[in-house]
Amino acid sequence: MRFKTKIKGIRRIGELLAAVALTLALLVCISPPLSSADEASSAALCAAEQKMLIPGGMTFGVRFFTDGVLVVGFAEKGDCPAYAAGLRIGDVVLKVDGKQLGGAEELTDAIEKSGGREMELYCRRDKADFTVKITPRADENGKYKAGMWVRDGGAGIGTVTYIDPTTGAFGGLGHGICDADTGKPLPLGRGVVLGVNISGITKGSVGAPGEIKGYFESSKLGSVIKNTDCGVFGIYSEIPKTAYGAMPIASATEVKEGAATILCTLDSGQMHEYSVELYAIDKSASGGRCFSVRVTDADLLAITGGIVQGMSGSPIIQNGKLVGAVTHVLINDPTAGYGIFIENMLARE
């Protein structure tokens with residue numbers, strides 16, 4: 001009898017477990033499946049929560065050549081072969097008569113040696129490719145010209161925002177390296193990362209942004225692979241030594257108004273942490289002006305007057321997390337500027 005009672009008890013426990021299992025199975029089946037967009041969002045959120053990055057703060061130099069040759073201006077438009085053919089400022093010339101261009105000098109040489117014959121240029125405007133036919137004209141010295149000014153490279157100084165400790169990949173500036181004439185990010189062909197020796201600081205004032213002055217070292221530290229509206233990205237050959245270890249990143253929803261700090265390297269050549277205040281946060285911003293930054297650190301104000309050119313990319317730390325980077329200074333108030341969310345930079349990486 002006792003044996004049978006035990007058997008019945010075991011059976012009841014088994015039935016209860018089966019019922020629980022069935023209930024769980026039904027709950028799983030009833031729950032609606034995630035859409036592909038939800039899955040991507042969930043995966044991105046999970047990746048962001050797990051992401052650990054080394055904050056930058058060191059200055060770096062960038063020297064690069066554009067992908068093709070950038071049109072930055074014209075001679076008189078009324079008598080300009082390039083403008084008449086349909087070229088406009090910001091267009092990129094990629095090929096001449098089917099031959100890939102290696103730089104501005106190659107384009108100038110091909111035009112001068114054209115003898116005035118019609119040439120075909122393969123070009124790009126935004127993301128659309130097109131061709132134009134241009135007929136160079138001889139100037140007063142007998143040299144053939146197309147009447148356009150072009151550029152094939154650029155260089156600048158900025159600040160590294162973060163470094164991936166597992167890959168050596170980095171992001172900096174928080175905005176693109178833009179052409180002075182077009183205001184658009186230069187189309188990157190190839191580029192190198194160089195060390196910078198800081199030679200001085202021009203203090204910012206109302207109407208006159210300051211800047212970090214320096215010169216490039218000859219040693220190559222890595223490669224630049226992307227120039228976007230939300231930053232410059234590349235890979236270090238060897239991860240630079242820094243006093244800061246990897247830290248978690250913050251999502252846009254975690255960034256709060258109030259106290260924070262930035263890391264930057266100034267005329268001492270040593271990286272320091274300075275106090276700032278974040279305000280006017282736009283959590284829906286997708287570009288490089290997501291919130292405002294005001295320098296509150298007396299030492300930094302004494303050295304630079306606030307935010308100066310070359311500090312773009314300075315990492316912003318709040319509550320133990322990397323939240324973004326300084327991007328711009330306000331012309332009429334050098335103590336203040338804009339910042340970008342770190343997740344916006346990572347989205348362009």
# chains A, B, ... in the order shown; residues from 1 in each chain; ligands from 1
call {"tool": "select_by_dssp", "arguments": {"residues": "range 62-205 of chain A", "states": "strand (DSSP E or B)", "output": "PyMOL selection string"}}
result
chain A and resi 62-74+92-96+99-100+119-125+128-134+137-138+144-145+148-163+169-172+178+185+188-202+205
call {"tool": "residues_around", "arguments": {"residues": "range 50-64 of chain A", "least_positions_apart": "4", "cutoff": "6 Å", "atoms": "only C-alpha atoms", "output": "NGL selection string"}}
result
:A and (153-164 or 190-196 or 245-248 or 263-265 or 314)
call {"tool": "residues_around", "arguments": {"residues": "range 208-215 of chain A", "least_positions_apart": "3", "cutoff": "8 Å", "atoms": "only C-alpha atoms", "output": "list in words"}}
result
Ile157, Val196, Asn197, Ile198, Ser199, Gly200, Ile201, Thr202, Lys203, Gly204, Ser205, Leu266, Asp267, Thr304, Gly305, Ile307, Val308, Gln309, Gly310, Met311, Val329, Ile331 and Pro334 of chain A
call {"tool": "write_last_selection", "arguments": {"atoms": "C-alpha atoms", "output": "mmCIF file, in the first residue's frame"}}
result
data_model
loop_
_atom_site.group_PDB
_atom_site.id
_atom_site.type_symbol
_atom_site.label_atom_id
_atom_site.label_comp_id
_atom_site.auth_asym_id
_atom_site.auth_seq_id
_atom_site.Cartn_x
_atom_site.Cartn_y
_atom_site.Cartn_z
ATOM 1 C CA ILE A 157 45.154 67.977 -35.719
ATOM 2 C CA VAL A 196 51.861 65.469 -32.805
ATOM 3 C CA ASN A 197 54.252 67.674 -30.877
ATOM 4 C CA ILE A 198 52.264 70.564 -29.400
ATOM 5 C CA SER A 199 54.109 73.846 -29.763
ATOM 6 C CA GLY A 200 51.599 76.207 -28.182
ATOM 7 C CA ILE A 201 48.012 77.298 -27.587
ATOM 8 C CA THR A 202 46.182 80.251 -29.088
ATOM 9 C CA LYS A 203 43.601 81.216 -26.470
ATOM 10 C CA GLY A 204 40.033 81.578 -27.691
ATOM 11 C CA SER A 205 38.065 84.804 -27.423
ATOM 12 C CA LEU A 266 47.415 70.675 -24.192
ATOM 13 C CA ASP A 267 50.757 72.496 -24.231
ATOM 14 C CA THR A 304 42.616 77.928 -23.553
ATOM 15 C CA GLY A 305 39.734 80.251 -22.716
ATOM 16 C CA ILE A 307 37.116 75.021 -26.207
ATOM 17 C CA VAL A 308 39.665 75.530 -29.005
ATOM 18 C CA GLN A 309 40.326 73.939 -32.377
ATOM 19 C CA GLY A 310 42.218 70.704 -31.896
ATOM 20 C CA MET A 311 40.137 69.740 -28.853
ATOM 21 C CA VAL A 329 33.034 75.640 -30.149
ATOM 22 C CA ILE A 331 32.172 81.493 -31.995
ATOM 23 C CA PRO A 334 34.524 80.122 -26.452
#
call {"tool": "closest_residue", "arguments": {"among": "A:Val326, A:Ile340, A:Leu101, A:Ile239", "to": "Asp282 in chain A", "atoms": "only C-alpha atoms"}}
result
A:Ile340
call {"tool": "select_by_dssp", "arguments": {"residues": "range 217-336 of chain A", "states": "helix (DSSP H, G or I)", "output": "NGL selection string"}}
result
:A and (252-254 or 298-304)
